[in-house]
$ cat entry.cif   # mmCIF, C-alpha atoms
data_target
loop_
_atom_site.label_atom_id
_atom_site.label_comp_id
_atom_site.auth_asym_id
_atom_site.auth_seq_id
_atom_site.Cartn_x
_atom_site.Cartn_y
_atom_site.Cartn_z
CA MET G 1 36.15 8.40 15.63
CA ALA G 2 32.64 7.54 14.48
CA THR G 3 31.36 4.05 15.12
CA ARG G 4 30.66 1.88 12.11
CA ILE G 5 27.33 0.26 11.42
CA ASP G 6 27.43 -3.49 11.98
CA PRO G 7 26.77 -4.94 8.47
CA ARG G 8 25.01 -7.95 9.96
CA ARG G 9 22.56 -5.79 11.93
CA ALA G 10 21.94 -3.63 8.87
CA GLN G 11 21.30 -6.74 6.79
CA GLU G 12 18.96 -8.13 9.44
CA ALA G 13 17.01 -4.87 9.50
CA GLN G 14 16.77 -4.89 5.70
CA LYS G 15 15.60 -8.51 5.63
CA ALA G 16 13.04 -7.79 8.37
CA THR G 17 11.69 -4.81 6.42
CA MET G 18 11.39 -6.91 3.25
CA SER G 19 9.71 -9.69 5.21
CA SER G 20 7.22 -7.21 6.68
CA MET G 21 6.43 -5.85 3.22
CA MET G 22 5.93 -9.37 1.85
CA ILE G 23 3.54 -10.26 4.64
CA MET G 24 1.51 -7.10 4.02
CA LEU G 25 1.44 -7.84 0.27
CA ILE G 26 0.30 -11.41 0.93
CA THR G 27 -2.40 -10.11 3.28
CA MET G 28 -3.62 -7.63 0.67
CA PHE G 29 -3.57 -10.34 -2.01
CA MET G 30 -5.64 -12.61 0.24
CA LEU G 31 -8.16 -9.84 0.80
CA ILE G 32 -8.44 -9.16 -2.94
CA ALA G 33 -8.69 -12.89 -3.68
CA ILE G 34 -11.48 -13.38 -1.12
CA LEU G 35 -13.60 -10.41 -2.24
CA PRO G 36 -15.14 -12.18 -5.30
CA PHE G 37 -16.25 -15.00 -2.99
CA TYR G 38 -17.73 -12.61 -0.41
CA PRO G 39 -21.37 -13.16 -1.55
CA VAL G 40 -20.85 -16.94 -1.36
CA LEU G 41 -19.32 -16.64 2.12
CA SER G 42 -22.18 -14.37 3.17
CA ALA G 43 -24.84 -16.78 1.91
CA PHE G 44 -23.08 -19.77 3.51
CA MET G 45 -22.24 -18.24 6.89
CA GLY G 46 -25.32 -16.02 7.24
CA PRO G 47 -27.72 -18.77 8.41
CA TYR G 48 -25.23 -19.97 11.03
CA ILE G 49 -24.72 -16.47 12.44
CA TYR G 50 -28.47 -15.90 12.31
CA ALA G 51 -29.15 -19.17 14.18
CA ALA G 52 -26.53 -18.41 16.84
CA LEU G 53 -26.95 -14.65 17.34
CA GLY G 54 -30.01 -13.65 15.32
CA PHE G 55 -32.65 -13.73 18.12
CA GLY G 56 -35.25 -14.56 15.52
CA GLY G 57 -34.50 -11.36 13.63
CA LYS G 58 -35.93 -9.17 16.42
CA TYR G 59 -32.78 -7.42 17.66
CA PRO G 60 -30.33 -6.69 14.82
CA ILE G 61 -28.42 -4.15 16.93
CA ILE G 62 -27.69 -6.78 19.58
CA THR G 63 -26.53 -9.16 16.84
CA ILE G 64 -24.11 -6.52 15.54
CA ILE G 65 -22.84 -5.72 19.04
CA LEU G 66 -22.29 -9.38 19.94
CA MET G 67 -20.41 -10.03 16.70
CA ALA G 68 -18.21 -6.98 17.31
CA VAL G 69 -17.46 -8.22 20.83
CA ILE G 70 -16.68 -11.77 19.66
CA LEU G 71 -14.39 -10.75 16.80
CA GLY G 72 -12.80 -7.98 18.88
CA SER G 73 -12.05 -10.49 21.65
CA LEU G 74 -10.66 -13.01 19.16
CA THR G 75 -8.21 -10.60 17.53
CA THR G 76 -7.15 -9.05 20.85
CA ILE G 77 -6.51 -12.42 22.52
CA LEU G 78 -4.61 -13.76 19.50
CA ARG G 79 -2.41 -10.64 19.51
CA GLU G 80 -1.85 -11.09 23.24
CA LEU G 81 -0.79 -14.72 22.80
CA VAL G 82 1.76 -14.10 20.03
CA THR G 83 3.36 -10.93 21.45
CA ASP G 84 6.55 -11.24 23.48
CA TRP G 85 5.77 -8.46 25.95
CA LYS G 86 9.19 -8.58 27.62
CA LYS G 87 10.85 -7.83 24.30
CA MET G 88 8.19 -5.23 23.53
CA ILE G 89 8.77 -3.39 26.82
CA ARG G 90 12.57 -3.47 26.37
CA TYR G 91 12.24 -2.13 22.83
CA GLN G 92 9.83 0.65 23.86
CA HIS G 93 12.18 1.69 26.68
CA LYS G 94 15.17 1.82 24.30
CA MET G 95 13.13 3.72 21.71
CA ASN G 96 12.02 6.30 24.26
CA GLN G 97 15.62 6.78 25.38
CA TRP G 98 16.76 7.09 21.75
CA MET G 99 14.09 9.69 20.91
CA LYS G 100 14.99 11.73 23.99
CA ALA G 101 18.69 11.66 23.14
CA TYR G 102 18.02 12.47 19.49
CA ARG G 103 15.90 15.52 20.37
CA GLU G 104 18.61 16.79 22.68
CA ALA G 105 21.27 16.27 19.99
CA LEU G 106 19.17 18.19 17.47
CA GLN G 107 18.61 21.06 19.91
CA LYS G 108 22.34 21.28 20.65
CA LYS G 109 23.21 20.75 16.96
CA ASN G 110 25.63 18.03 18.00
CA THR G 111 26.37 16.47 14.61
CA TYR G 112 28.65 13.80 16.07
CA MET G 113 25.94 12.57 18.45
CA ILE G 114 23.28 12.77 15.72
CA LYS G 115 25.41 10.53 13.51
CA LYS G 116 25.97 8.02 16.31
CA LEU G 117 22.26 7.94 17.11
CA GLN G 118 21.36 7.44 13.45
CA GLU G 119 23.73 4.46 13.37
CA ALA G 120 22.15 3.11 16.56
CA GLN G 121 18.75 3.41 14.90
CA VAL G 122 19.63 0.54 12.56
CA GLU G 123 19.88 -1.81 15.54
CA LEU G 124 16.61 -0.45 16.94
CA LEU G 125 14.86 -1.11 13.62
CA SER G 126 16.16 -4.66 13.64
CA GLU G 127 14.93 -5.14 17.20
CA GLN G 128 11.53 -3.65 16.29
CA ALA G 129 11.18 -6.06 13.38
CA ASP G 130 12.01 -8.98 15.68
CA VAL G 131 9.35 -7.86 18.16
CA MET G 132 6.68 -7.33 15.48
CA LYS G 133 7.48 -10.44 13.42
CA LYS G 134 4.97 -12.76 15.10
CA GLN G 135 2.24 -10.11 14.99
CA GLN G 136 2.79 -9.68 11.25
CA TYR G 137 2.37 -13.40 10.65
CA LEU G 138 -0.88 -13.15 12.61
CA TYR G 139 -2.54 -10.84 10.04
CA PRO G 140 -3.28 -13.48 7.36
CA ILE G 141 -4.45 -15.97 10.01
CA THR G 142 -6.76 -13.36 11.52
CA MET G 143 -8.23 -12.59 8.10
CA ILE G 144 -8.99 -16.26 7.47
CA LEU G 145 -10.94 -16.37 10.74
CA VAL G 146 -12.56 -12.93 10.71
CA ILE G 147 -13.67 -12.44 7.09
CA PRO G 148 -16.08 -15.44 6.93
CA MET G 149 -17.67 -14.43 10.24
CA PHE G 150 -17.89 -10.81 9.13
CA ALA G 151 -19.50 -11.90 5.86
CA GLY G 152 -21.87 -14.05 7.91
CA LEU G 153 -22.95 -11.00 9.90
CA TYR G 154 -24.02 -9.27 6.70
CA GLY G 155 -25.79 -12.48 5.60
CA ALA G 156 -27.64 -12.65 8.92
CA LEU G 157 -28.76 -9.02 8.65
CA TYR G 158 -29.86 -9.63 5.06
CA LYS G 159 -31.90 -12.62 6.27
CA MET G 160 -33.48 -10.43 8.96
CA SER G 161 -34.57 -7.98 6.26
CA GLY G 162 -36.25 -10.77 4.31
CA GLY G 163 -33.92 -10.22 1.37
CA ALA G 164 -34.87 -6.55 1.07
CA PRO G 165 -32.33 -3.68 1.01
CA GLU G 166 -34.01 -2.20 4.08
CA LEU G 167 -33.69 -3.14 7.74
CA PHE G 168 -35.15 -0.45 9.98
CA ILE G 169 -34.55 0.22 13.65
CA ALA G 170 -36.00 2.96 15.82
CA LEU G 171 -33.71 5.60 17.28
CA PRO G 172 -34.71 8.52 19.55
CA TRP G 173 -33.92 10.98 16.74
CA GLU G 174 -34.86 8.70 13.81
CA PRO G 175 -37.88 6.32 14.01
CA HIS G 176 -37.00 4.58 10.73
CA TRP G 177 -33.21 4.25 10.51
CA ASN G 178 -32.14 1.87 7.77
CA LEU G 179 -29.08 -0.20 8.71
CA PHE G 180 -28.27 -0.71 5.03
CA ASP G 181 -28.21 2.99 4.16
CA VAL G 182 -24.75 4.18 3.14
CA ARG G 183 -23.56 7.28 4.93
CA TYR G 184 -19.99 8.52 5.24
CA VAL G 185 -18.86 5.90 2.66
CA PHE G 186 -19.88 2.88 4.81
CA PRO G 187 -23.34 1.41 5.57
CA ASN G 188 -24.88 2.22 8.94
CA TRP G 189 -24.55 -1.33 10.29
CA LEU G 190 -20.81 -1.29 9.58
CA LEU G 191 -20.40 2.06 11.38
CA ILE G 192 -22.11 0.57 14.44
CA TYR G 193 -19.93 -2.54 14.27
CA SER G 194 -16.73 -0.51 13.89
CA GLY G 195 -17.59 1.79 16.80
CA VAL G 196 -18.41 -1.08 19.16
CA SER G 197 -15.37 -3.08 18.04
CA LEU G 198 -13.03 -0.11 18.61
CA ILE G 199 -14.43 0.70 22.06
CA PHE G 200 -14.52 -2.91 23.23
CA GLY G 201 -11.11 -3.77 21.78
CA THR G 202 -9.53 -0.78 23.51
CA ALA G 203 -11.23 -1.63 26.83
CA LEU G 204 -10.15 -5.28 26.64
CA THR G 205 -6.57 -4.32 25.77
CA ASN G 206 -6.44 -1.92 28.73
CA LEU G 207 -7.84 -4.63 31.02
CA ILE G 208 -5.22 -7.14 29.87
CA ASN G 209 -2.46 -4.55 30.32
CA TYR G 210 -3.74 -3.81 33.84
CA ILE G 211 -3.73 -7.52 34.77
CA ARG G 212 -0.23 -7.95 33.34
CA LEU G 213 1.08 -4.88 35.19
CA ARG G 214 -0.53 -6.07 38.42
CA ARG G 215 1.25 -9.43 38.14
CA ILE G 216 4.57 -7.68 37.53
CA LEU G 217 4.09 -5.42 40.57
CA LYS G 218 3.31 -8.42 42.78
CA ARG G 219 6.66 -9.98 41.84
CA VAL G 220 8.58 -6.83 42.76
#
$ encode --input "entry.cif" --output "structure tokens"
Amino acid sequence: MATRIDPRRAQEAQKATMSSMMIMLITMFMLIAILPFYPVLSAFMGPYIYAALGFGGKYPIITIILMAVILGSLTTILRELVTDWKKMIRYQHKMNQWMKAYREALQKKNTYMIKKLQEAQVELLSEQADVMKKQQYLYPITMILVIPMFAGLYGALYKMSGGAPELFIALPWEPHWNLFDVRYVFPNWLLIYSGVSLIFGTALTNLINYIRLRRILKRV
């Protein structure tokens, strides 16, 4: 006899999905609402970023790198603080076990087991939503912190250029490389920022995971 889906768990999963969608919609609305004020934010924050990280306008690349490191550290540490890693590990272990069992059921064409696993998936979705709930609430807060500083970075670079649409740096293959030139959809300075932020964020996440794993192993 097939097991029945617990209506309460199904309802919890549905509510969690709706809540996640609402948070994403609110985040998108905030982004759209802030965009018209981006020039104002840039003009207001730019001098502060320039004073703190501008180096007198001599090293724009270092300014971009430092801002990527600061914002990357901020978002990574905030995510670390709000994530319940015990719940996350338990959920990932259950999900891996479920995926393994589901693949085996598909290979053996075991319709009874497939049905049972699909019913169990409802509970897994509910558990996933519970694990990710705090991280989802973090998105709007992160935007409030990051967007003004990000706008300030552009304002600082604009100040370095003297208000001109050109800010050149020398590269081994390009002696006059304009940071404001748009290539591959995004301006060059944003490509540099994104690359540094991705590399540093990944490295910091791996370091934190290593420290956490080391603490766990010491307790064993």
$ resolve_selection --input "entry.cif" --expression "the PyMOL selection byres ((chain G and resi 169) around 10)" --output "list in words"
Lys58, Tyr59, Pro60, Ile61, Glu166, Leu167, Phe168, Ala170, Leu171, Glu174, Pro175, His176, Trp177, Asn178 and Leu179 of chain G
$ residues_around --input "entry.cif" --residues "G:Pro148" --least-positions-apart "3" --cutoff "12 Å" --atoms "all atoms listed in the file" --output "count of residues only"
26
$ closest_atom_pairs --input "entry.cif" --of "stretch 48-129 of chain G" --to "stretch 194-209 of chain G" --cutoff "10 Å" --atoms "all atoms listed in the file" --output "CSV"
residue,atom,partner,partner_atom,distance
G:Ile64,CA,G:Val196,CA,8.7
G:Ile65,CA,G:Val196,CA,6.4
G:Leu66,CA,G:Val196,CA,9.2
G:Met67,CA,G:Ser197,CA,8.7
G:Ala68,CA,G:Ser197,CA,4.9
G:Val69,CA,G:Ser197,CA,6.2
G:Ile70,CA,G:Ser197,CA,8.9
G:Leu71,CA,G:Ser197,CA,7.8
G:Gly72,CA,G:Gly201,CA,5.4
G:Ser73,CA,G:Gly201,CA,6.8
G:Leu74,CA,G:Gly201,CA,9.6
G:Thr75,CA,G:Gly201,CA,8.6
G:Thr76,CA,G:Gly201,CA,6.7
G:Ile77,CA,G:Thr205,CA,8.7
G:Arg79,CA,G:Thr205,CA,9.8
G:Glu80,CA,G:Ile208,CA,8.4
$ write_last_selection --input "entry.cif" --atoms "C-alpha atoms" --output "tab-separated table (two decimals), in the coordinates of the input"
chain	number	residue	atom	x	y	z
G	64	ILE	CA	-24.11	-6.52	15.54
G	65	ILE	CA	-22.84	-5.72	19.04
G	66	LEU	CA	-22.29	-9.38	19.94
G	67	MET	CA	-20.41	-10.03	16.70
G	68	ALA	CA	-18.21	-6.98	17.31
G	69	VAL	CA	-17.46	-8.22	20.83
G	70	ILE	CA	-16.68	-11.77	19.66
G	71	LEU	CA	-14.39	-10.75	16.80
G	72	GLY	CA	-12.80	-7.98	18.88
G	73	SER	CA	-12.05	-10.49	21.65
G	74	LEU	CA	-10.66	-13.01	19.16
G	75	THR	CA	-8.21	-10.60	17.53
G	76	THR	CA	-7.15	-9.05	20.85
G	77	ILE	CA	-6.51	-12.42	22.52
G	79	ARG	CA	-2.41	-10.64	19.51
G	80	GLU	CA	-1.85	-11.09	23.24
$ atom_distance --input "entry.cif" --atom1 "atom CA of G:Trp189" --atom2 "atom CA of G:Phe29"
25.9 Å
$ axis_aligned_box --input "entry.cif" --around "stretch 149-157 of chain G" --padding-each-side "6 Å" --output "lines of an AutoDock Vina configuration file"
center_x = -23.2
center_y = -11.7
center_z = 7.9
size_x = 23.1
size_y = 17.4
size_z = 16.6
$ atom_distance --input "entry.cif" --atom1 "atom CA of G:Lys116" --atom2 "atom CA of G:Lys86"
26.2 Å
$ build_atoms --input "entry.cif" --residues "stretch 81-107 of chain G" --atoms "N, CA, C and O atoms" --output "compact mmCIF listing (two decimals), in the coordinates of the input"
# COMPACT_ATOMS: atom_id res chain seq x y z
N LEU G 81 -1.48 -13.44 22.71
CA LEU G 81 -0.79 -14.72 22.80
C LEU G 81 0.52 -14.74 22.01
O LEU G 81 1.48 -15.42 22.41
N VAL G 82 0.58 -14.02 20.89
CA VAL G 82 1.76 -14.10 20.03
C VAL G 82 2.79 -13.02 20.34
O VAL G 82 3.91 -13.07 19.83
N THR G 83 2.44 -12.04 21.17
CA THR G 83 3.36 -10.93 21.45
C THR G 83 4.27 -11.28 22.61
O THR G 83 3.81 -11.72 23.67
N ASP G 84 5.57 -11.08 22.40
CA ASP G 84 6.55 -11.24 23.48
C ASP G 84 6.63 -9.89 24.20
O ASP G 84 7.34 -8.98 23.76
N TRP G 85 5.91 -9.76 25.29
CA TRP G 85 5.77 -8.46 25.95
C TRP G 85 7.06 -8.01 26.63
O TRP G 85 7.29 -6.82 26.80
N LYS G 86 7.91 -8.97 27.03
CA LYS G 86 9.19 -8.58 27.62
C LYS G 86 10.05 -7.88 26.58
O LYS G 86 10.65 -6.84 26.85
N LYS G 87 10.11 -8.47 25.38
CA LYS G 87 10.85 -7.83 24.30
C LYS G 87 10.23 -6.49 23.92
O LYS G 87 10.93 -5.52 23.62
N MET G 88 8.90 -6.46 23.90
CA MET G 88 8.19 -5.23 23.53
C MET G 88 8.51 -4.10 24.51
O MET G 88 8.79 -2.97 24.10
N ILE G 89 8.49 -4.41 25.81
CA ILE G 89 8.77 -3.39 26.82
C ILE G 89 10.21 -2.90 26.72
O ILE G 89 10.49 -1.71 26.82
N ARG G 90 11.16 -3.86 26.51
CA ARG G 90 12.57 -3.47 26.37
C ARG G 90 12.76 -2.57 25.16
O ARG G 90 13.48 -1.57 25.21
N TYR G 91 12.11 -2.94 24.05
CA TYR G 91 12.24 -2.13 22.83
C TYR G 91 11.64 -0.73 23.04
O TYR G 91 12.27 0.27 22.65
N GLN G 92 10.46 -0.65 23.64
CA GLN G 92 9.83 0.65 23.86
C GLN G 92 10.68 1.53 24.76
O GLN G 92 10.78 2.74 24.55
N HIS G 93 11.30 0.92 25.79
CA HIS G 93 12.18 1.69 26.68
C HIS G 93 13.39 2.22 25.90
O HIS G 93 13.74 3.41 26.03
N LYS G 94 14.02 1.37 25.10
CA LYS G 94 15.17 1.82 24.30
C LYS G 94 14.76 2.90 23.31
O LYS G 94 15.49 3.88 23.10
N MET G 95 13.58 2.74 22.69
CA MET G 95 13.13 3.72 21.71
C MET G 95 12.86 5.06 22.36
O MET G 95 13.18 6.12 21.79
N ASN G 96 12.27 5.05 23.54
CA ASN G 96 12.02 6.30 24.26
C ASN G 96 13.33 7.01 24.61
O ASN G 96 13.44 8.23 24.49
N GLN G 97 14.31 6.21 25.06
CA GLN G 97 15.62 6.78 25.38
C GLN G 97 16.29 7.35 24.13
O GLN G 97 16.91 8.42 24.18
N TRP G 98 16.16 6.63 23.01
CA TRP G 98 16.76 7.09 21.75
C TRP G 98 16.13 8.40 21.29
O TRP G 98 16.82 9.35 20.89
N MET G 99 14.79 8.49 21.35
CA MET G 99 14.09 9.69 20.91
C MET G 99 14.46 10.90 21.77
O MET G 99 14.64 12.01 21.27
N LYS G 100 14.59 10.66 23.08
CA LYS G 100 14.99 11.73 23.99
C LYS G 100 16.39 12.23 23.66
O LYS G 100 16.64 13.44 23.57
N ALA G 101 17.31 11.29 23.46
CA ALA G 101 18.69 11.66 23.14
C ALA G 101 18.78 12.35 21.78
O ALA G 101 19.54 13.31 21.60
N TYR G 102 17.98 11.89 20.84
CA TYR G 102 18.02 12.47 19.49
C TYR G 102 17.49 13.91 19.50
O TYR G 102 18.04 14.79 18.83
N ARG G 103 16.43 14.16 20.25
CA ARG G 103 15.90 15.52 20.37
C ARG G 103 16.93 16.46 20.99
O ARG G 103 17.11 17.59 20.53
N GLU G 104 17.60 15.97 22.03
CA GLU G 104 18.61 16.79 22.68
C GLU G 104 19.77 17.08 21.73
O GLU G 104 20.29 18.21 21.70
N ALA G 105 20.17 16.08 20.95
CA ALA G 105 21.27 16.27 19.99
C ALA G 105 20.89 17.27 18.91
O ALA G 105 21.71 18.10 18.50
N LEU G 106 19.63 17.23 18.47
CA LEU G 106 19.17 18.19 17.47
C LEU G 106 19.14 19.61 18.04
O LEU G 106 19.53 20.58 17.36
N GLN G 107 18.67 19.73 19.29
CA GLN G 107 18.61 21.06 19.91
C GLN G 107 20.00 21.66 20.09
O GLN G 107 20.20 22.86 19.90
